[in-house]
file structure32.csv (CSV, C-alpha atoms and all ligand atoms)
chain,number,residue,atom,x,y,z
H,218,MET,CA,-18.4,-23.3,-16.5
H,219,ALA,CA,-17.5,-19.8,-15.4
H,220,LYS,CA,-13.9,-18.8,-16.2
H,221,ILE,CA,-11.6,-17.0,-13.8
H,222,THR,CA,-8.1,-15.7,-14.4
H,223,ILE,CA,-5.8,-15.2,-11.4
H,224,LEU,CA,-3.0,-12.7,-12.0
H,225,GLY,CA,0.1,-13.6,-9.9
H,226,ALA,CA,1.2,-17.2,-9.3
H,227,GLY,CA,2.6,-16.6,-5.8
H,228,ALA,CA,1.4,-18.1,-2.5
H,229,MET,CA,-2.0,-16.4,-2.6
H,230,GLY,CA,-2.6,-16.7,-6.3
H,231,SER,CA,-1.9,-20.4,-6.3
H,232,GLY,CA,-3.6,-21.0,-2.9
H,233,ILE,CA,-7.0,-19.6,-3.9
H,234,CYS,CA,-7.1,-22.0,-6.9
H,235,THR,CA,-8.1,-24.9,-4.6
H,236,PRO,CA,-11.5,-23.5,-3.5
H,237,LEU,CA,-12.2,-22.1,-7.0
H,238,ILE,CA,-11.5,-25.5,-8.7
H,239,ASN,CA,-13.6,-27.2,-6.0
H,240,ALA,CA,-16.4,-24.7,-6.5
H,241,GLY,CA,-16.5,-25.7,-10.2
H,242,TRP,CA,-14.7,-22.8,-11.9
H,243,GLU,CA,-12.4,-23.0,-14.9
H,244,VAL,CA,-9.3,-21.6,-13.3
H,245,ARG,CA,-6.4,-20.0,-15.2
H,246,LEU,CA,-3.3,-19.0,-13.3
H,247,TRP,CA,-1.1,-16.4,-14.9
H,248,GLY,CA,2.5,-16.0,-13.6
H,249,THR,CA,4.3,-12.7,-13.9
H,250,TRP,CA,7.8,-12.4,-15.3
H,251,LEU,CA,9.0,-13.1,-11.7
H,252,ASP,CA,7.1,-16.4,-11.4
H,253,ASP,CA,8.7,-18.7,-14.0
H,254,HIS,CA,10.4,-20.8,-11.3
H,255,LEU,CA,7.1,-21.2,-9.5
H,256,LEU,CA,5.3,-22.4,-12.6
H,257,ASP,CA,8.2,-24.7,-13.4
H,258,ALA,CA,7.7,-26.5,-10.1
H,259,CYS,CA,4.0,-26.7,-10.6
H,260,GLU,CA,4.4,-28.1,-14.1
H,261,ALA,CA,6.9,-30.7,-12.8
H,262,GLY,CA,4.2,-31.9,-10.3
H,263,LYS,CA,6.2,-30.6,-7.3
H,264,PRO,CA,4.5,-28.6,-4.5
H,265,HIS,CA,4.3,-24.9,-5.1
H,266,PRO,CA,7.5,-23.5,-3.6
H,267,ARG,CA,5.7,-20.8,-1.6
H,268,THR,CA,2.9,-22.9,0.0
H,269,ASN,CA,4.6,-26.3,-0.1
H,270,VAL,CA,1.3,-27.6,-1.4
H,271,PRO,CA,0.7,-29.0,-4.9
H,272,LEU,CA,-1.4,-26.8,-7.1
H,273,ALA,CA,-5.1,-27.9,-7.4
H,274,LYS,CA,-5.6,-30.4,-10.3
H,275,GLY,CA,-7.1,-28.8,-13.4
H,276,VAL,CA,-5.6,-25.3,-13.1
H,277,LYS,CA,-4.4,-24.0,-16.5
H,278,LEU,CA,-1.0,-22.3,-16.3
H,279,TYR,CA,0.1,-19.3,-18.3
H,280,ARG,CA,3.5,-17.7,-18.6
H,281,SER,CA,3.9,-13.9,-18.5
H,282,ALA,CA,4.0,-13.5,-22.3
H,283,ASP,CA,0.6,-15.2,-22.6
H,284,LEU,CA,-1.4,-12.7,-20.6
H,285,ASN,CA,-3.9,-12.1,-23.4
H,286,LYS,CA,-4.6,-15.8,-23.8
H,287,ALA,CA,-5.0,-16.2,-20.0
H,288,LEU,CA,-7.6,-13.4,-20.0
H,289,ASP,CA,-9.5,-14.3,-23.1
H,290,GLY,CA,-13.2,-14.8,-22.3
H,291,SER,CA,-12.7,-14.7,-18.5
H,292,ASP,CA,-15.8,-13.8,-16.4
H,293,VAL,CA,-13.7,-12.8,-13.4
H,294,VAL,CA,-10.2,-11.5,-13.1
H,295,VAL,CA,-8.4,-11.8,-9.7
H,296,MET,CA,-5.5,-9.4,-8.9
H,297,SER,CA,-3.2,-11.4,-6.7
H,298,VAL,CA,0.2,-9.8,-7.1
H,299,ALA,CA,2.2,-8.0,-4.3
H,300,SER,CA,0.8,-4.4,-3.9
H,301,GLY,CA,3.9,-2.8,-5.5
H,302,GLY,CA,3.1,-4.7,-8.7
H,303,VAL,CA,-0.6,-3.8,-8.8
H,304,PRO,CA,-0.3,-0.6,-11.0
H,305,LYS,CA,1.8,-2.3,-13.7
H,306,VAL,CA,-0.2,-5.5,-13.8
H,307,THR,CA,-3.5,-3.5,-13.9
H,308,GLU,CA,-2.2,-1.5,-16.9
H,309,MET,CA,-1.1,-4.7,-18.6
H,310,ALA,CA,-4.4,-6.5,-18.0
H,311,LEU,CA,-6.7,-3.6,-18.4
H,312,GLU,CA,-8.4,-4.8,-21.6
H,313,GLY,CA,-9.2,-8.2,-20.2
H,314,ILE,CA,-10.3,-6.7,-16.9
H,315,SER,CA,-12.7,-4.3,-18.7
H,316,LYS,CA,-14.4,-7.3,-20.5
H,317,ALA,CA,-14.8,-9.3,-17.3
H,318,LYS,CA,-17.9,-9.0,-15.0
H,319,ALA,CA,-15.8,-8.4,-11.9
H,320,LEU,CA,-12.3,-7.8,-10.7
H,321,TRP,CA,-11.5,-9.5,-7.4
H,322,LEU,CA,-8.6,-8.3,-5.3
H,323,THR,CA,-6.5,-10.3,-2.9
H,324,SER,CA,-3.6,-8.0,-3.1
H,325,LYS,CA,-3.2,-5.8,0.0
H,326,GLY,CA,-1.5,-2.5,0.6
H,327,PHE,CA,-1.3,1.2,0.0
H,328,CYS,CA,-0.4,2.6,-3.4
H,329,PRO,CA,1.2,6.1,-3.8
H,330,ASP,CA,0.2,7.9,-7.1
H,331,GLU,CA,2.6,10.0,-9.1
H,332,ASN,CA,1.8,13.1,-6.9
H,333,GLY,CA,2.6,11.2,-3.7
H,334,LYS,CA,-1.1,10.8,-2.7
H,335,ILE,CA,-1.5,7.5,-1.0
H,336,GLN,CA,-4.5,5.5,-2.2
H,337,LEU,CA,-6.1,2.2,-1.2
H,338,LEU,CA,-5.7,-0.4,-4.0
H,339,PRO,CA,-9.3,-0.3,-5.4
H,340,GLU,CA,-9.0,3.5,-5.7
H,341,ALA,CA,-5.6,3.2,-7.3
H,342,ILE,CA,-6.9,0.6,-9.9
H,343,ARG,CA,-10.0,2.8,-10.7
H,344,THR,CA,-7.7,5.8,-11.2
H,345,ILE,CA,-5.5,3.9,-13.6
H,346,ALA,CA,-8.5,2.8,-15.6
H,347,LYS,CA,-10.0,6.3,-15.7
H,348,GLN,CA,-6.7,7.8,-16.9
H,349,LYS,CA,-6.7,5.2,-19.7
H,350,GLY,CA,-10.3,5.9,-20.5
H,351,VAL,CA,-11.3,2.3,-19.7
H,352,THR,CA,-14.4,1.3,-17.8
H,353,ILE,CA,-13.8,-1.5,-15.4
H,354,PRO,CA,-16.3,-3.9,-13.7
H,355,PRO,CA,-17.1,-3.8,-9.9
H,356,ILE,CA,-14.2,-4.6,-7.6
H,357,VAL,CA,-14.5,-7.2,-5.0
H,358,ALA,CA,-12.0,-6.8,-2.1
H,359,ILE,CA,-11.1,-10.1,-0.5
H,360,ALA,CA,-9.7,-10.2,3.0
H,361,GLY,CA,-9.9,-12.1,6.3
H,362,PRO,CA,-7.9,-14.7,8.1
H,363,VAL,CA,-6.6,-16.7,5.1
H,364,LYS,CA,-3.1,-18.2,5.1
H,365,ALA,CA,-2.4,-19.2,1.5
H,366,ASN,CA,-0.9,-22.6,2.4
H,367,GLU,CA,-4.0,-23.6,4.5
H,368,CYS,CA,-6.3,-22.4,1.7
H,369,ALA,CA,-4.3,-24.4,-0.8
H,370,GLU,CA,-4.5,-27.5,1.4
H,371,GLY,CA,-8.3,-27.2,1.6
H,372,LYS,CA,-8.3,-26.5,5.4
H,373,PRO,CA,-11.4,-24.8,6.9
H,374,THR,CA,-11.2,-21.1,6.1
H,375,ALA,CA,-13.5,-18.1,6.6
H,376,THR,CA,-13.1,-15.1,4.3
H,377,ILE,CA,-14.9,-11.9,3.4
H,378,PHE,CA,-15.8,-10.4,0.0
H,379,GLY,CA,-16.4,-6.6,0.0
H,380,CYS,CA,-18.0,-4.9,-2.9
H,381,LYS,CA,-19.8,-1.5,-2.9
H,382,ASP,CA,-22.7,-3.4,-4.6
H,383,LEU,CA,-23.8,-5.9,-2.0
H,384,ASP,CA,-25.6,-8.0,-4.6
H,385,VAL,CA,-22.2,-8.5,-6.4
H,386,SER,CA,-20.4,-9.5,-3.2
H,387,ARG,CA,-23.2,-11.9,-2.3
H,388,LYS,CA,-23.3,-13.4,-5.8
H,389,TYR,CA,-19.6,-14.3,-5.7
H,390,ALA,CA,-19.7,-15.3,-2.1
H,391,ARG,CA,-22.2,-17.9,-3.2
H,392,GLU,CA,-20.4,-18.9,-6.4
H,393,ALA,CA,-16.9,-19.4,-4.8
H,394,ARG,CA,-18.1,-21.1,-1.6
H,395,THR,CA,-17.1,-24.7,-0.9
H,396,GLU,CA,-17.7,-26.8,2.2
H,397,VAL,CA,-14.5,-25.5,3.7
H,398,TYR,CA,-14.0,-22.1,2.1
H,399,CYS,CA,-16.8,-20.0,3.5
H,400,ILE,CA,-17.4,-16.4,2.5
H,401,GLU,CA,-19.1,-13.5,4.2
H,402,ALA,CA,-20.4,-10.8,2.0
H,403,THR,CA,-20.3,-7.0,2.7
H,404,ASP,CA,-20.8,-3.8,0.9
H,405,ASP,CA,-18.0,-2.2,3.0
H,406,GLU,CA,-15.1,-2.2,0.5
H,407,THR,CA,-13.3,0.6,2.3
H,408,GLY,CA,-13.5,-1.2,5.7
H,409,VAL,CA,-12.1,-4.4,4.2
H,410,GLU,CA,-9.3,-2.5,2.4
H,411,ILE,CA,-8.3,-0.5,5.4
H,412,CYS,CA,-7.9,-3.6,7.6
H,413,ALA,CA,-5.8,-5.5,5.1
H,414,PRO,CA,-2.6,-3.5,5.1
H,415,MET,CA,-3.1,-2.0,8.7
H,416,LYS,CA,-3.1,-5.4,10.2
H,417,ASN,CA,0.5,-6.0,8.9
H,418,VAL,CA,1.7,-2.9,10.7
H,419,TYR,CA,-0.1,-4.0,13.9
H,420,ALA,CA,1.2,-7.6,13.6
H,421,ILE,CA,4.7,-6.1,14.1
H,422,ALA,CA,3.6,-4.7,17.5
H,423,LEU,CA,2.1,-8.1,18.5
H,424,GLY,CA,5.4,-9.8,17.5
H,425,ILE,CA,7.3,-7.3,19.6
H,426,ALA,CA,5.2,-8.2,22.7
H,427,ASP,CA,6.0,-11.9,22.0
H,428,GLY,CA,9.7,-11.1,21.6
H,429,LEU,CA,9.8,-9.5,25.0
H,430,GLU,CA,9.3,-12.9,26.5
H,431,GLU,CA,12.4,-14.2,24.7
H,432,GLY,CA,14.4,-11.1,25.6
H,433,THR,CA,13.5,-10.8,29.3
H,434,GLY,CA,12.5,-14.4,30.1
H,435,PHE,CA,9.1,-13.2,31.3
H,436,PRO,CA,5.9,-13.2,29.3
H,437,HIS,CA,4.2,-10.0,28.2
H,438,HIS,CA,0.8,-11.4,27.4
H,439,ASN,CA,-1.1,-8.6,29.1
H,440,LEU,CA,0.7,-6.1,27.0
H,441,LYS,CA,0.1,-8.1,23.9
H,442,ALA,CA,-3.6,-8.3,24.6
H,443,ALA,CA,-3.8,-4.6,25.2
H,444,THR,CA,-1.9,-4.1,21.9
H,445,PHE,CA,-4.4,-6.3,20.1
H,446,ASN,CA,-7.3,-4.4,21.5
H,447,GLN,CA,-5.8,-1.0,20.5
H,448,ALA,CA,-5.0,-2.3,17.0
H,449,VAL,CA,-8.6,-3.3,16.4
H,450,LYS,CA,-9.8,0.0,17.7
H,451,GLU,CA,-7.5,1.9,15.4
H,452,MET,CA,-8.5,-0.1,12.3
H,453,SER,CA,-12.1,0.6,13.1
H,454,LEU,CA,-11.5,4.4,13.8
H,455,LEU,CA,-9.5,4.8,10.6
H,456,GLY,CA,-12.2,3.0,8.6
H,457,GLN,CA,-15.0,5.1,10.0
H,458,ALA,CA,-13.1,8.3,9.2
H,459,LEU,CA,-13.1,7.2,5.6
H,460,GLY,CA,-16.8,6.1,5.5
H,461,ALA,CA,-16.4,2.4,6.5
H,462,LYS,CA,-18.6,0.6,8.9
H,463,PRO,CA,-17.2,0.4,12.4
H,464,GLU,CA,-18.0,-3.3,12.8
H,465,THR,CA,-15.9,-4.4,9.8
H,466,ALA,CA,-12.7,-4.1,11.9
H,467,TYR,CA,-14.3,-6.3,14.6
H,468,GLY,CA,-15.0,-9.1,12.1
H,469,LEU,CA,-13.0,-11.3,9.8
H,470,ALA,CA,-11.2,-8.5,8.0
H,471,GLY,CA,-9.9,-6.9,11.2
H,472,VAL,CA,-9.8,-9.2,14.3
H,473,GLY,CA,-9.7,-12.3,12.2
H,474,ASP,CA,-6.9,-11.3,9.9
H,475,LEU,CA,-4.9,-9.7,12.8
H,476,GLU,CA,-5.1,-12.9,14.8
H,477,VAL,CA,-3.8,-15.0,12.0
H,478,THR,CA,-1.1,-12.5,11.0
H,479,GLY,CA,0.0,-12.1,14.6
H,480,LEU,CA,0.4,-15.9,15.0
H,481,SER,CA,3.0,-16.4,12.3
H,482,GLY,CA,4.4,-14.7,9.2
H,483,ARG,CA,7.1,-12.2,8.4
H,484,ASN,CA,5.6,-9.2,10.2
H,485,LYS,CA,5.3,-11.1,13.4
H,486,VAL,CA,8.8,-12.6,13.1
H,487,TYR,CA,10.3,-9.2,12.5
H,488,GLY,CA,8.5,-7.8,15.6
H,489,VAL,CA,9.8,-10.7,17.7
H,490,ARG,CA,13.4,-9.9,16.7
H,491,ILE,CA,12.8,-6.3,17.9
H,492,GLY,CA,11.1,-7.4,21.0
H,493,ARG,CA,14.0,-9.7,22.0
H,494,GLY,CA,16.5,-6.8,21.6
H,495,GLU,CA,17.6,-6.3,18.0
H,496,THR,CA,17.4,-2.8,16.7
H,497,ALA,CA,14.7,-2.2,14.1
H,498,LYS,CA,17.4,-1.6,11.5
H,499,ASP,CA,19.4,-4.7,12.3
H,500,ALA,CA,16.3,-6.9,12.4
H,501,LEU,CA,15.2,-5.6,9.0
H,502,ALA,CA,18.7,-6.2,7.5
H,503,GLU,CA,18.6,-9.8,8.8
H,504,MET,CA,15.1,-10.3,7.3
H,505,GLU,CA,16.3,-9.0,4.0
H,506,ARG,CA,19.3,-11.2,4.1
H,507,LEU,CA,16.9,-14.1,4.5
H,508,GLU,CA,14.9,-12.8,1.6
H,509,GLN,CA,11.9,-12.2,3.9
H,510,THR,CA,10.0,-9.1,2.8
H,511,VAL,CA,8.2,-7.5,5.7
H,512,GLU,CA,5.2,-5.8,4.2
H,513,GLY,CA,4.3,-4.0,7.5
H,514,VAL,CA,7.5,-1.9,7.3
H,515,PRO,CA,6.6,0.2,4.2
H,516,ALA,CA,3.0,0.0,5.2
H,517,ALA,CA,3.7,1.8,8.5
H,518,GLY,CA,5.2,4.7,6.7
H,519,LEU,CA,2.5,4.8,4.0
H,520,ALA,CA,-0.3,4.4,6.6
H,521,THR,CA,1.1,7.4,8.5
H,522,THR,CA,1.2,9.6,5.4
H,523,PHE,CA,-2.2,8.2,4.4
H,524,VAL,CA,-3.7,9.3,7.7
H,525,GLU,CA,-2.1,12.8,7.4
H,526,GLN,CA,-3.5,13.2,3.9
H,527,SER,CA,-7.0,11.5,4.2
H,528,ALA,CA,-8.0,11.4,7.9
H,529,PRO,CA,-5.9,14.2,9.7
H,530,GLN,CA,-8.8,14.7,12.2
H,531,ILE,CA,-8.1,11.3,13.9
H,532,LYS,CA,-4.3,11.5,13.8
H,533,ASP,CA,-4.0,11.7,17.5
H,534,GLN,CA,-6.4,8.8,18.1
H,535,LEU,CA,-4.0,6.3,16.5
H,536,PRO,CA,-1.2,6.1,19.1
H,537,LEU,CA,-0.3,2.5,18.2
H,538,LEU,CA,0.3,3.3,14.6
H,539,ARG,CA,2.5,6.2,15.8
H,540,ALA,CA,4.3,3.9,18.3
H,541,VAL,CA,5.2,1.3,15.6
H,542,HIS,CA,6.4,4.1,13.3
H,543,GLU,CA,8.6,5.5,16.2
H,544,ILE,CA,10.0,2.0,16.9
H,545,LEU,CA,10.8,1.4,13.3
H,546,ALA,CA,12.5,4.8,13.1
H,547,GLY,CA,14.9,3.7,15.8
H,548,SER,CA,13.6,5.5,18.9
H,549,SER,CA,16.0,5.4,21.8
H,550,LEU,CA,13.2,4.7,24.2
H,551,SER,CA,12.5,1.1,25.3
H,552,VAL,CA,9.9,-0.7,23.2
H,553,VAL,CA,8.0,-1.6,26.4
H,554,LYS,CA,7.7,2.0,27.3
H,555,ILE,CA,6.6,3.1,23.8
H,556,LEU,CA,4.1,0.3,23.4
H,557,SER,CA,2.8,0.7,27.0
H,558,GLU,CA,2.2,4.4,26.4
H,559,ALA,CA,0.3,3.7,23.2
H,560,VAL,CA,-2.0,0.9,24.4
H,561,LEU,CA,-2.5,1.0,28.2
H,562,PRO,CA,-5.6,2.9,29.2
H,563,LYS,CA,-5.1,6.6,30.2
H,564,MET,CA,-6.3,8.0,33.5
H,565,PRO,CA,-10.1,8.2,33.2
T,601,LIG,N1,0.2,-15.3,1.6
T,601,LIG,C1,-1.0,-15.1,2.2
T,601,LIG,O1,-1.4,-15.8,3.0
T,601,LIG,C2,-1.9,-13.9,1.7
T,601,LIG,C3,-3.2,-14.0,2.1
T,601,LIG,C4,-4.1,-13.0,1.7
T,601,LIG,C5,-3.6,-12.0,0.9
T,601,LIG,N2,-2.3,-11.9,0.5
T,601,LIG,C6,-1.8,-10.8,-0.3
T,601,LIG,O2,-1.6,-11.3,-1.7
T,601,LIG,C7,-0.6,-10.5,-2.3
T,601,LIG,C8,0.4,-11.5,-2.8
T,601,LIG,O3,1.0,-12.2,-1.7
T,601,LIG,P1,1.6,-13.6,-1.8
T,601,LIG,O4,1.7,-14.2,-0.5
T,601,LIG,O5,1.0,-14.4,-2.9
T,601,LIG,O6,3.1,-13.2,-2.2
T,601,LIG,P2,4.2,-14.0,-3.1
T,601,LIG,O7,5.5,-13.3,-2.8
T,601,LIG,O8,4.1,-15.4,-2.9
T,601,LIG,O9,3.8,-13.6,-4.6
T,601,LIG,C9,3.8,-12.3,-5.0
T,601,LIG,C10,3.2,-12.2,-6.4
T,601,LIG,O10,3.3,-10.8,-6.8
T,601,LIG,C11,4.1,-10.7,-8.0
T,601,LIG,N3,5.0,-9.6,-7.9
T,601,LIG,C12,5.8,-9.3,-6.8
T,601,LIG,N4,6.4,-8.1,-7.1
T,601,LIG,C13,6.0,-7.6,-8.3
T,601,LIG,C14,6.2,-6.5,-9.1
T,601,LIG,N5,7.1,-5.5,-8.7
T,601,LIG,N6,5.5,-6.4,-10.2
T,601,LIG,C15,4.6,-7.3,-10.6
T,601,LIG,N7,4.4,-8.4,-9.9
T,601,LIG,C16,5.0,-8.6,-8.7
T,601,LIG,C17,4.9,-12.0,-8.0
T,601,LIG,O11,5.3,-12.3,-9.3
T,601,LIG,C18,3.9,-13.0,-7.5
T,601,LIG,O12,3.0,-13.4,-8.5
T,601,LIG,C19,0.0,-9.6,-1.2
T,601,LIG,O13,-0.5,-8.3,-1.4
T,601,LIG,C20,-0.5,-10.2,0.1
T,601,LIG,O14,-0.6,-9.3,1.1
T,601,LIG,C21,-1.4,-12.9,0.9
call {"tool": "encode", "arguments": {"input": "structure32.csv", "output": "structure tokens"}}
result
Amino acid sequence: MAKITILGAGAMGSGICTPLINAGWEVRLWGTWLDDHLLDACEAGKPHPRTNVPLAKGVKLYRSADLNKALDGSDVVVMSVASGGVPKVTEMALEGISKAKALWLTSKGFCPDENGKIQLLPEAIRTIAKQKGVTIPPIVAIAGPVKANECAEGKPTATIFGCKDLDVSRKYAREARTEVYCIEATDDETGVEICAPMKNVYAIALGIADGLEEGTGFPHHNLKAATFNQAVKEMSLLGQALGAKPETAYGLAGVGDLEVTGLSGRNKVYGVRIGRGETAKDALAEMERLEQTVEGVPAAGLATTFVEQSAPQIKDQLPLLRAVHEILAGSSLSVVKILSEAVLPKMP
């Protein structure tokens, strides 16, 4: 039985256990020093507090101090912590990662290095390994429309594995597949990794369009659809500027994940607040008070800097990214005006 160690016992780390157990893996779930209460609940047989679904039967749990035990002899390691924790957890687990045959990555986000250069997560992980003189196995970026709770519950789910070596993404797409967790394979790691954090930024804009209905009493579905279209275009353009395939953004990693993120979740809820009339600052303060981290907020700033650093030639072709950035910065213009200018077609 192949062994797999998941790093991070949050919603996604625990959710992905279900298909892996059902696909026949020996699954070990390691909780960080922030996860003791989550493991306590699982050990007590209660539902996982983040997904409200009981952990799949047979998963072996490890506390933060037992990282080496959790990694011992693992064929695959899965990085599943929030993006801010990825550098530290990578360093801590580097030896175990280097002995594995692959590192899978469900974490999503941008990662600034010590010089302020914004990197995608696989690049950040490879840089850390290189600095430590450690060779790591191929990285498989995992994305697509996957809500952790539905994955945990064994509901039908489509996802995509992206590895520079297509044989590797195909191998694991076959080995992790179940009847309900179905996996596309691609060699477009960059495309997959661009869509993952960008869709959080764009989901804020979709939420704003929804919130306008609450604020004005009139639906703004046309504006929302135009916003969706522009978001997908921008994810594709940015990906292409960095060597990704144009179509990746039009598939599960882009359109698929944007759809699911725009339906529910913290980025959307935050956008709704703004759309119905709260200022970006007040809405964020309220989300923080409710302990709801909005990943799209830091991602909007990081994405803007990332574009300036790594794809300045297409800076002017990403008006929706600029619009979200402007709204979050507290522009005095109405959100309808800002979004409309960004997403409605220009005079041909
Ligand atoms: N929830 C989903 O549906 C979903 C789906 C796909 C991908 N993801 C991605 O998976 C990652 C984890 O998301 P989640 O939903 O499991 O979040 P979560 O808040 O439930 O869990 C976060 C995990 O990261 C760890 N963590 C947080 N801050 C840390 C830090 N500073 N240092 C070290 N570890 C830290 C926590 O201990 C926990 O294990 C995110 O990047 C998210 O975008 C989530």
call {"tool": "residues_around", "arguments": {"input": "structure32.csv", "residues": "H:Asn285", "least_positions_apart": "5", "cutoff": "9 Å", "atoms": "all atoms listed in the file", "output": "PDB file with C-alpha atoms, keeping the file's coordinate frame"}}
result
ATOM      1  CA  ALA H 310      -4.400  -6.500 -18.000  1.00  0.00           C
ATOM      2  CA  GLU H 312      -8.400  -4.800 -21.600  1.00  0.00           C
ATOM      3  CA  GLY H 313      -9.200  -8.200 -20.200  1.00  0.00           C
TER       4      GLY H 313
END
call {"tool": "residues_around", "arguments": {"input": "structure32.csv", "residues": "stretch 378-395 of chain H", "least_positions_apart": "6", "cutoff": "10 Å", "atoms": "only C-alpha atoms", "output": "compact mmCIF listing (two decimals) with C-alpha atoms, keeping the file's coordinate frame"}}
result
# COMPACT_ATOMS: atom_id res chain seq x y z
CA ALA H 219 -17.50 -19.80 -15.40
CA ILE H 233 -7.00 -19.60 -3.90
CA THR H 235 -8.10 -24.90 -4.60
CA PRO H 236 -11.50 -23.50 -3.50
CA LEU H 237 -12.20 -22.10 -7.00
CA ILE H 238 -11.50 -25.50 -8.70
CA ASN H 239 -13.60 -27.20 -6.00
CA ALA H 240 -16.40 -24.70 -6.50
CA GLY H 241 -16.50 -25.70 -10.20
CA TRP H 242 -14.70 -22.80 -11.90
CA VAL H 293 -13.70 -12.80 -13.40
CA LYS H 318 -17.90 -9.00 -15.00
CA ALA H 319 -15.80 -8.40 -11.90
CA TRP H 321 -11.50 -9.50 -7.40
CA LEU H 322 -8.60 -8.30 -5.30
CA THR H 323 -6.50 -10.30 -2.90
CA PRO H 355 -17.10 -3.80 -9.90
CA ILE H 356 -14.20 -4.60 -7.60
CA VAL H 357 -14.50 -7.20 -5.00
CA ALA H 358 -12.00 -6.80 -2.10
CA ILE H 359 -11.10 -10.10 -0.50
CA ALA H 360 -9.70 -10.20 3.00
CA GLY H 361 -9.90 -12.10 6.30
CA GLY H 371 -8.30 -27.20 1.60
CA GLU H 401 -19.10 -13.50 4.20
CA ALA H 402 -20.40 -10.80 2.00
CA THR H 403 -20.30 -7.00 2.70
CA ASP H 404 -20.80 -3.80 0.90
CA ASP H 405 -18.00 -2.20 3.00
CA GLU H 406 -15.10 -2.20 0.50
CA THR H 407 -13.30 0.60 2.30
CA GLY H 408 -13.50 -1.20 5.70
CA VAL H 409 -12.10 -4.40 4.20
CA GLU H 410 -9.30 -2.50 2.40
CA ALA H 470 -11.20 -8.50 8.00
call {"tool": "residues_near_ligand", "arguments": {"input": "structure32.csv", "ligand": "ligand LIG 601 (chain T)", "cutoff": "6 Å", "atoms": "only C-alpha atoms and all ligand atoms", "output": "PyMOL selection string"}}
result
chain H and resi 225-230+248-249+251-252+267+297-302+323-325+363-365
call {"tool": "atom_distance", "arguments": {"input": "structure32.csv", "atom1": "atom CA of H:Leu545", "atom2": "atom CA of H:Asn439"}}
result
22.2 Å
call {"tool": "residues_around", "arguments": {"input": "structure32.csv", "residues": "H:Pro414", "least_positions_apart": "3", "cutoff": "8 Å", "atoms": "all atoms listed in the file", "output": "PyMOL selection string"}}
result
chain H and resi 325-327+410-411+417-418+513+516
call {"tool": "residues_near_point", "arguments": {"input": "structure32.csv", "point": "(-7.5, -20.5, -15.7)", "cutoff": "8 Å", "atoms": "all atoms listed in the file", "output": "VMD selection string"}}
result
chain H and resid 220 to 223 243 to 247 276 to 278 287
call {"tool": "closest_residue", "arguments": {"input": "structure32.csv", "among": "H:Val303, H:Ala413, H:Ala502, H:Ala420", "to": "H:Gly482", "atoms": "all atoms listed in the file"}}
result
H:Ala420
